[in-house]
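Engineer: Submitted below is the structure of interest, expressed as C-alpha cells.
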Amino acid sequence: MATSFAPYQSSPPESTRALSPPLRSPTASPKIHAQQPQRNISSIADREDPWAAARAQQLPSPSQYADEEYTDLESGQRNDYIGSQPQAPAYTGNASVFETSLGLSLRTEAALAYLLLPPAGGVVLLIFEQKSDYVRFHAWQSALVFSAMFLVHIIFSWVRWLSWVLFVVDLALIGWLTWGAWKNAETLDRLEVPFFGRLASSFVDDE
C-alpha cells in the first residue's frame with residue numbers, strides 16, 4: 001500500500017478558472033444589423049431647388065428663328081432685326097461745323113491763319129470765312145497775338161539782340177499754334193494762348 005506524503009488539503013490548490021465562451025456553430029447564421037435607408041441626393045436637390053429641372057432643359061437655338069418676323073404689338077411696326085445683322089443708322093448730326101466758306105479743308109484754313117503772314121492772315125480769314133467757328137477762332141487769335149507781338153517789335157526795335165530774340169519767339173509761336181490748329185481740327189478743340197485765346201473765344205461765341 002502506497003503512502004502519500006502530501007499534506008492533507010481540504011480543497012484543491014487551484015482556484016476555479018474562467019469559462020471560455022461557447023463555440024459558435026458553423027451553421028449558425030450571422031446576426032443581421034438593421035441598415036439605415038439611403039437618402040437620394042438628387043431627389044432632395046429637386047425638392048430644395050424647384051428650378052433644377054428647368055435649367056437642365058436645353059434652350060432652342062436662336063438660328064431657328066432667323067426666318068421669322070417679329071411685329072411689335074404696341075407700335076405695330078415690323079422688326080426684321082431677329083436673325084439678321086442690324087444696320088447702323090445714318091449720321092444725321094450737324095455736319096456744317098466742318099464746312100468752310102472758301103472750300104478748303106477745316107485744318108488747312110485753321111493752319112493758314114498762322115502761316116499766312118500773321119496777323120495779316122488772320123484778318124483775311126475773318127473777312128472771308130463766315131461758316132466755321134473753328135477757323136474764325138484761330139483767325140481771331142492770330143490777329144490778336146501777332147498784333148501784340150508787332151507792337152512789342154516796334155517798342156524794342158532799337159535793341160538789336162532783343163529784336164532777334166523776339167523773332168525767334170515769333171517763329172516758335174507760329175509753329176506751335178499751326179501744329180495745334182492742324183491737330184485739333186477733327187475734335188474742334190481750341191488751343192488757347194493765355195489771355196488772347198480766351199478773348200478770341202469770347203469774340204467767336206458772341207457772334
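By convention in this document, the chains of the C-alpha cells carry letters A, B, ... by their order, each chain's residues are numbered from 1, and ligands are numbered from 1 in the order they are shown.
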Find the residues near Ser201 (chain A): any atom within 9 Å, counting only C-alpha atoms, skip ones fewer than 2 places away on the same chain, and give them as an MDAnalysis selection string.
Structural biologist: chainID A and resid 137 140:141 190 192 196:199 203:206
Engineer: Save out the residues we just selected, N, CA and C atoms, as a JSON list (two decimals), in the first residue's frame.
Structural biologist:
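Result saved to out.json:
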[["chain", "number", "residue", "atom", "x", "y", "z"],
["A", 137, "PHE", "N", -12.01, 131.28, -84.84],
["A", 137, "PHE", "CA", -11.30, 131.38, -83.56],
["A", 137, "PHE", "C", -9.80, 131.54, -83.79],
["A", 140, "TRP", "N", -9.04, 134.97, -85.18],
["A", 140, "TRP", "CA", -9.05, 135.98, -84.13],
["A", 140, "TRP", "C", -7.79, 135.87, -83.26],
["A", 141, "GLN", "N", -7.43, 134.67, -82.88],
["A", 141, "GLN", "CA", -6.26, 134.51, -82.03],
["A", 141, "GLN", "C", -4.98, 134.94, -82.74],
["A", 190, "ARG", "N", -9.99, 123.85, -79.03],
["A", 190, "ARG", "CA", -9.32, 125.13, -79.27],
["A", 190, "ARG", "C", -8.04, 125.22, -78.42],
["A", 192, "GLU", "N", -5.74, 127.47, -76.87],
["A", 192, "GLU", "CA", -5.82, 128.88, -76.48],
["A", 192, "GLU", "C", -4.51, 129.36, -75.89],
["A", 196, "PHE", "N", -5.11, 135.97, -74.72],
["A", 196, "PHE", "CA", -5.56, 136.21, -76.08],
["A", 196, "PHE", "C", -6.49, 135.09, -76.56],
["A", 197, "GLY", "N", -6.22, 133.83, -76.18],
["A", 197, "GLY", "CA", -7.10, 132.74, -76.58],
["A", 197, "GLY", "C", -8.48, 132.86, -75.96],
["A", 198, "ARG", "N", -8.53, 133.24, -74.67],
["A", 198, "ARG", "CA", -9.83, 133.43, -74.04],
["A", 198, "ARG", "C", -10.59, 134.61, -74.67],
["A", 199, "LEU", "N", -9.88, 135.62, -75.02],
["A", 199, "LEU", "CA", -10.51, 136.78, -75.67],
["A", 199, "LEU", "C", -11.04, 136.41, -77.06],
["A", 203, "PHE", "N", -15.03, 136.41, -78.50],
["A", 203, "PHE", "CA", -15.45, 137.07, -79.74],
["A", 203, "PHE", "C", -16.24, 136.12, -80.63],
["A", 204, "VAL", "N", -15.75, 134.90, -80.76],
["A", 204, "VAL", "CA", -16.44, 133.92, -81.62],
["A", 204, "VAL", "C", -17.78, 133.51, -81.02],
["A", 205, "ASP", "N", -17.85, 133.33, -79.70],
["A", 205, "ASP", "CA", -19.09, 132.91, -79.07],
["A", 205, "ASP", "C", -20.16, 134.01, -79.10],
["A", 206, "ASP", "N", -19.73, 135.24, -79.14],
["A", 206, "ASP", "CA", -20.70, 136.35, -79.18],
["A", 206, "ASP", "C", -21.19, 136.65, -80.58]]
Engineer: Counting only C-alpha atoms, which of A:Ser105, A:Ser142, A:Ser132, A:Thr100 gets nearest to Ile174 (chain A)?
Structural biologist: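 Closest residue, counting only C-alpha atoms: A:Ser142.
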Engineer: Please, what distance in Å, to one decimal, runs between CA of Thr178 (chain A) and CA of Leu115 (chain A)?
Structural biologist: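 Here the two named atoms are 7.2 Å from each other.
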Engineer: Using only C-alpha atoms, pick whichever of A:Ala185, A:Ala200, A:Leu191, A:Leu102 has the shortest atom-to-atom distance to Gln130 (chain A).
Structural biologist: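 The answer is A:Leu102, which sits nearest to Gln130 (chain A).
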Engineer: Do a neighbour search on Asp189 (chain A) at 9 Å with only C-alpha atoms, toss out local chain neighbours closer than 5 positions, and write the hits as a PDB file with all heavy atoms, in the first residue's frame.
Structural biologist:
ATOM      1  N   TYR A 134     -14.472 127.356 -85.845  1.00  0.00           N
ATOM      2  CA  TYR A 134     -13.125 126.883 -85.510  1.00  0.00           C
ATOM      3  C   TYR A 134     -12.069 127.711 -86.238  1.00  0.00           C
ATOM      4  O   TYR A 134     -11.067 128.137 -85.642  1.00  0.00           O
ATOM      5  CB  TYR A 134     -13.001 125.409 -85.886  1.00  0.00           C
ATOM      6  CG  TYR A 134     -11.677 124.789 -85.551  1.00  0.00           C
ATOM      7  CD1 TYR A 134     -11.364 124.440 -84.238  1.00  0.00           C
ATOM      8  CD2 TYR A 134     -10.729 124.537 -86.545  1.00  0.00           C
ATOM      9  CE1 TYR A 134     -10.138 123.859 -83.929  1.00  0.00           C
ATOM     10  CE2 TYR A 134      -9.509 123.950 -86.239  1.00  0.00           C
ATOM     11  CZ  TYR A 134      -9.222 123.621 -84.927  1.00  0.00           C
ATOM     12  OH  TYR A 134      -7.998 123.052 -84.618  1.00  0.00           O
ATOM     13  N   GLY A 180      -1.085 122.956 -83.425  1.00  0.00           N
ATOM     14  CA  GLY A 180      -2.302 122.767 -82.636  1.00  0.00           C
ATOM     15  C   GLY A 180      -3.567 122.918 -83.457  1.00  0.00           C
ATOM     16  O   GLY A 180      -4.527 122.156 -83.292  1.00  0.00           O
ATOM     17  N   ALA A 181      -3.596 123.908 -84.375  1.00  0.00           N
ATOM     18  CA  ALA A 181      -4.774 124.108 -85.220  1.00  0.00           C
ATOM     19  C   ALA A 181      -4.973 122.931 -86.174  1.00  0.00           C
ATOM     20  O   ALA A 181      -6.105 122.504 -86.428  1.00  0.00           O
ATOM     21  CB  ALA A 181      -4.631 125.411 -86.005  1.00  0.00           C
ATOM     22  N   ASN A 184      -5.992 119.515 -83.903  1.00  0.00           N
ATOM     23  CA  ASN A 184      -7.292 119.507 -83.220  1.00  0.00           C
ATOM     24  C   ASN A 184      -8.462 119.794 -84.142  1.00  0.00           C
ATOM     25  O   ASN A 184      -9.577 120.024 -83.658  1.00  0.00           O
ATOM     26  CB  ASN A 184      -7.282 120.537 -82.084  1.00  0.00           C
ATOM     27  CG  ASN A 184      -6.246 120.214 -81.026  1.00  0.00           C
ATOM     28  OD1 ASN A 184      -5.973 119.047 -80.738  1.00  0.00           O
ATOM     29  ND2 ASN A 184      -5.659 121.245 -80.435  1.00  0.00           N
TER      30      ASN A 184
END
Engineer: What's the 12 Å shell around region 150-161 of chain A, counting only C-alpha atoms, without same-chain residues fewer than 6 positions away, as a CSV table (one decimal) with C-alpha atoms, in the first residue's frame?
Structural biologist:
chain,number,residue,atom,x,y,z
A,117,LEU,CA,1.9,136.4,-92.7
A,118,PRO,CA,0.3,136.8,-89.3
A,119,PRO,CA,-1.5,139.0,-88.3
A,120,ALA,CA,-2.5,139.6,-91.9
A,142,SER,CA,-3.7,135.0,-84.8
A,143,ALA,CA,-4.8,138.6,-85.3
A,144,LEU,CA,-4.7,139.4,-81.5
A,167,PHE,CA,11.9,137.0,-83.9
A,168,VAL,CA,12.7,133.5,-82.6
A,169,VAL,CA,9.7,133.7,-80.3
A,170,ASP,CA,7.5,134.6,-83.3
